[in-house]
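This report concerns only the one structure given below.
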Amino acid sequence: MAVVVCFAFALPETETQKINVVIDAGHGGKDFGAKHDDFLEKDIVASIAQKVKELNDDKEVVIHFTRNEDEFQQLTDRVETINNIKPDLVLSLHINMTGKSDKSGMEFYIGQDVAQNQKSKEYAAKLSAAMSDRFEVAPVKEAKFYILKNTEVPGVLFEMGFLSNENDRQYLTSQDGQKEIASRIVNFLKEIE
């Protein structure tokens with residue numbers, strides 16, 4: 001008589017790892033950022049950041065903000081907030097301005113000579129690709145911006161268009177335009193989980 005012995009092994013449940021992201025809505029309070037007529041960079045980036053918050057329905061993507069109100073914060077305070085949270089990514093939102101009204105499109109910057117340069121470059125390339133089918137996108141650049149230079153995590157500074165360009169300005173100040181940019185940011189964040 002043969003005896004058959006079966007062993008059943010339960011595989012451990014794998015938890016989906018959450019991704020933590022800090023959205024840094026540039027400027028605020030007395031620091032307007034770029035300005036064209038009544039349009040202020042600080043208001044536009046805050047509105048887009050708020051839309052990112054509203055559109056994010058993925059519980060695995062946890063979003064933190066360096067500011068939730070129209071308040072001025074020193075860059076040192078922003079960096080301290082980011083480094084205390086230790087997110088997987090910091091995304092700093094900005095709007096460009098130049099004396100050349102024909103210059104338009106989006107730009108992406110990563111820190112120059114920083115330890116997390118490679119991961120930042122990967123994130124910037126993915127976000128750029130998420131925008132490139134709809135917008136004019138410049139190649140990813142390196143810069144010594146304070147936030148990128150002093151945070152201890154991968155970071156991308158995202159210039160979402162030019163306030164000095166009429167077409168960009170109309171898009172950036174419209175509810176539909178802001179919602180589309182926010183939606184593409186949210187989709188990008190879901191992809192990097």
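Just so we're on the same page: first chain in the structure tokens is A, next is B, and so on; residues restart at 1 for each chain, and ligands are numbered from 1 in the order they show up.
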Within 7 Å of segment 74-93 of chain A, which residues of segment 113-188 of chain A show up? Give each one with its shortest atom-to-atom distance in Å (one decimal) and the two atoms involved, counting only C-alpha atoms, rows by chain then rising residue number, as a Markdown table.
| residue | atom | partner | partner_atom | distance |
| --- | --- | --- | --- | --- |
| A:Ile147 | CA | A:Val79 | CA | 6.2 |
| A:Asn150 | CA | A:Val79 | CA | 6.6 |
| A:Thr151 | CA | A:Val79 | CA | 5.7 |
| A:Glu152 | CA | A:Asn83 | CA | 6.1 |
| A:Val153 | CA | A:Leu89 | CA | 6.2 |
| A:Pro154 | CA | A:Leu89 | CA | 5.1 |
| A:Gly155 | CA | A:Val90 | CA | 4.7 |
| A:Val156 | CA | A:Leu91 | CA | 5.1 |
| A:Leu157 | CA | A:Ser92 | CA | 4.6 |
| A:Phe158 | CA | A:Leu93 | CA | 5.1 |
| A:Glu159 | CA | A:Leu93 | CA | 6.4 |
Selection export as a short mmCIF file (atom, residue, chain, number, x, y, z; two decimals), in the first residue's frame, atoms kept: C-alpha atoms:
data_model
loop_
_atom_site.label_atom_id
_atom_site.label_comp_id
_atom_site.auth_asym_id
_atom_site.auth_seq_id
_atom_site.Cartn_x
_atom_site.Cartn_y
_atom_site.Cartn_z
CA ILE A 147 15.27 72.34 -4.13
CA ASN A 150 19.45 70.16 -1.36
CA THR A 151 16.82 67.45 -1.14
CA GLU A 152 18.04 63.94 -0.39
CA VAL A 153 15.58 62.23 -2.74
CA PRO A 154 15.04 62.07 -6.50
CA GLY A 155 13.52 65.29 -7.77
CA VAL A 156 12.12 66.87 -10.92
CA LEU A 157 11.40 70.55 -11.40
CA PHE A 158 8.59 70.81 -13.95
CA GLU A 159 8.14 74.09 -15.86
#
Query raised in the report: Neighbours of Asn187 of chain A within 12 Å (only C-alpha atoms; same-chain residues fewer than 3 positions away dropped), as a ChimeraX atom specification?
Result: /A:52,55-58,61,126-127,129-131,180-184,190-193
Query raised in the report: Near Val45 of chain A, counting only C-alpha atoms, which residues have an atom at most 8 Å away, once you skip same-chain residues fewer than 4 positions from it, shown as a ChimeraX atom specification?
Result: /A:25-26,41,49,93-95
Would you put the residues from that selection into a file with C-alpha atoms, as a PDB file, in the first residue's frame?
ATOM      1  CA  ALA A  25       3.794  74.117  -5.631  1.00  0.00           C
ATOM      2  CA  GLY A  26       6.385  76.800  -6.268  1.00  0.00           C
ATOM      3  CA  GLU A  41       2.595  81.652 -11.182  1.00  0.00           C
ATOM      4  CA  ALA A  49      -1.439  70.861  -7.354  1.00  0.00           C
ATOM      5  CA  LEU A  93       5.739  72.695 -10.144  1.00  0.00           C
ATOM      6  CA  HIS A  94       6.567  75.990 -11.852  1.00  0.00           C
ATOM      7  CA  ILE A  95       5.610  78.235 -14.775  1.00  0.00           C
TER       8      ILE A  95
END
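You will find atom CA of Met106 of chain A at 16.4 Å from atom CA of Ser174 of chain A.
Atom CA of Ser164 of chain A sits 6.0 Å away from atom CA of Thr98 of chain A.
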Requested in this report: Compile the contact shell of Phe39 of chain A as an MDAnalysis selection string: residues with an atom at most 12 Å away, counting only C-alpha atoms, same-chain residues fewer than 2 positions apart removed.
Outcome: chainID A and resid 32:37 41:45 95 97 162:164 166 169:170 172:174
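All residues of segment 57-98 of chain A that DSSP, run on the backbone, classes as strand (DSSP E or B) are Val61, Val62, Ile63, His64, Phe65, Leu89, Val90, Leu91, Ser92, Leu93, His94, Ile95 and Asn96 of chain A.
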Take the residues from that selection and put them in a file with N, CA and C atoms, as a compact mmCIF listing (two decimals), in the first residue's frame.
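Result file out-v1.txt:
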# COMPACT_ATOMS: atom_id res chain seq x y z
N VAL A 61 -0.64 55.61 -4.05
CA VAL A 61 0.12 56.83 -4.32
C VAL A 61 -0.26 57.85 -3.25
N VAL A 62 0.66 58.08 -2.33
CA VAL A 62 0.42 59.01 -1.23
C VAL A 62 1.10 60.33 -1.57
N ILE A 63 0.30 61.39 -1.64
CA ILE A 63 0.83 62.70 -2.04
C ILE A 63 0.85 63.64 -0.85
N HIS A 64 2.00 64.26 -0.66
CA HIS A 64 2.20 65.28 0.36
C HIS A 64 2.45 66.61 -0.36
N PHE A 65 2.25 67.71 0.34
CA PHE A 65 2.43 69.03 -0.27
C PHE A 65 3.32 69.90 0.61
N LEU A 89 9.85 60.62 -4.52
CA LEU A 89 10.03 61.65 -5.54
C LEU A 89 9.50 62.97 -5.03
N VAL A 90 10.22 64.06 -5.35
CA VAL A 90 9.67 65.40 -5.16
C VAL A 90 9.47 66.00 -6.55
N LEU A 91 8.27 66.51 -6.78
CA LEU A 91 7.93 67.13 -8.05
C LEU A 91 7.61 68.59 -7.77
N SER A 92 8.48 69.47 -8.24
CA SER A 92 8.34 70.90 -8.00
C SER A 92 7.70 71.55 -9.23
N LEU A 93 6.52 72.14 -9.04
CA LEU A 93 5.74 72.69 -10.14
C LEU A 93 6.00 74.19 -10.31
N HIS A 94 6.27 74.59 -11.55
CA HIS A 94 6.57 75.99 -11.85
C HIS A 94 6.01 76.38 -13.22
N ILE A 95 6.01 77.68 -13.48
CA ILE A 95 5.61 78.24 -14.77
C ILE A 95 6.76 79.13 -15.24
N ASN A 96 7.12 79.03 -16.50
CA ASN A 96 8.21 79.79 -17.08
C ASN A 96 7.79 81.19 -17.51
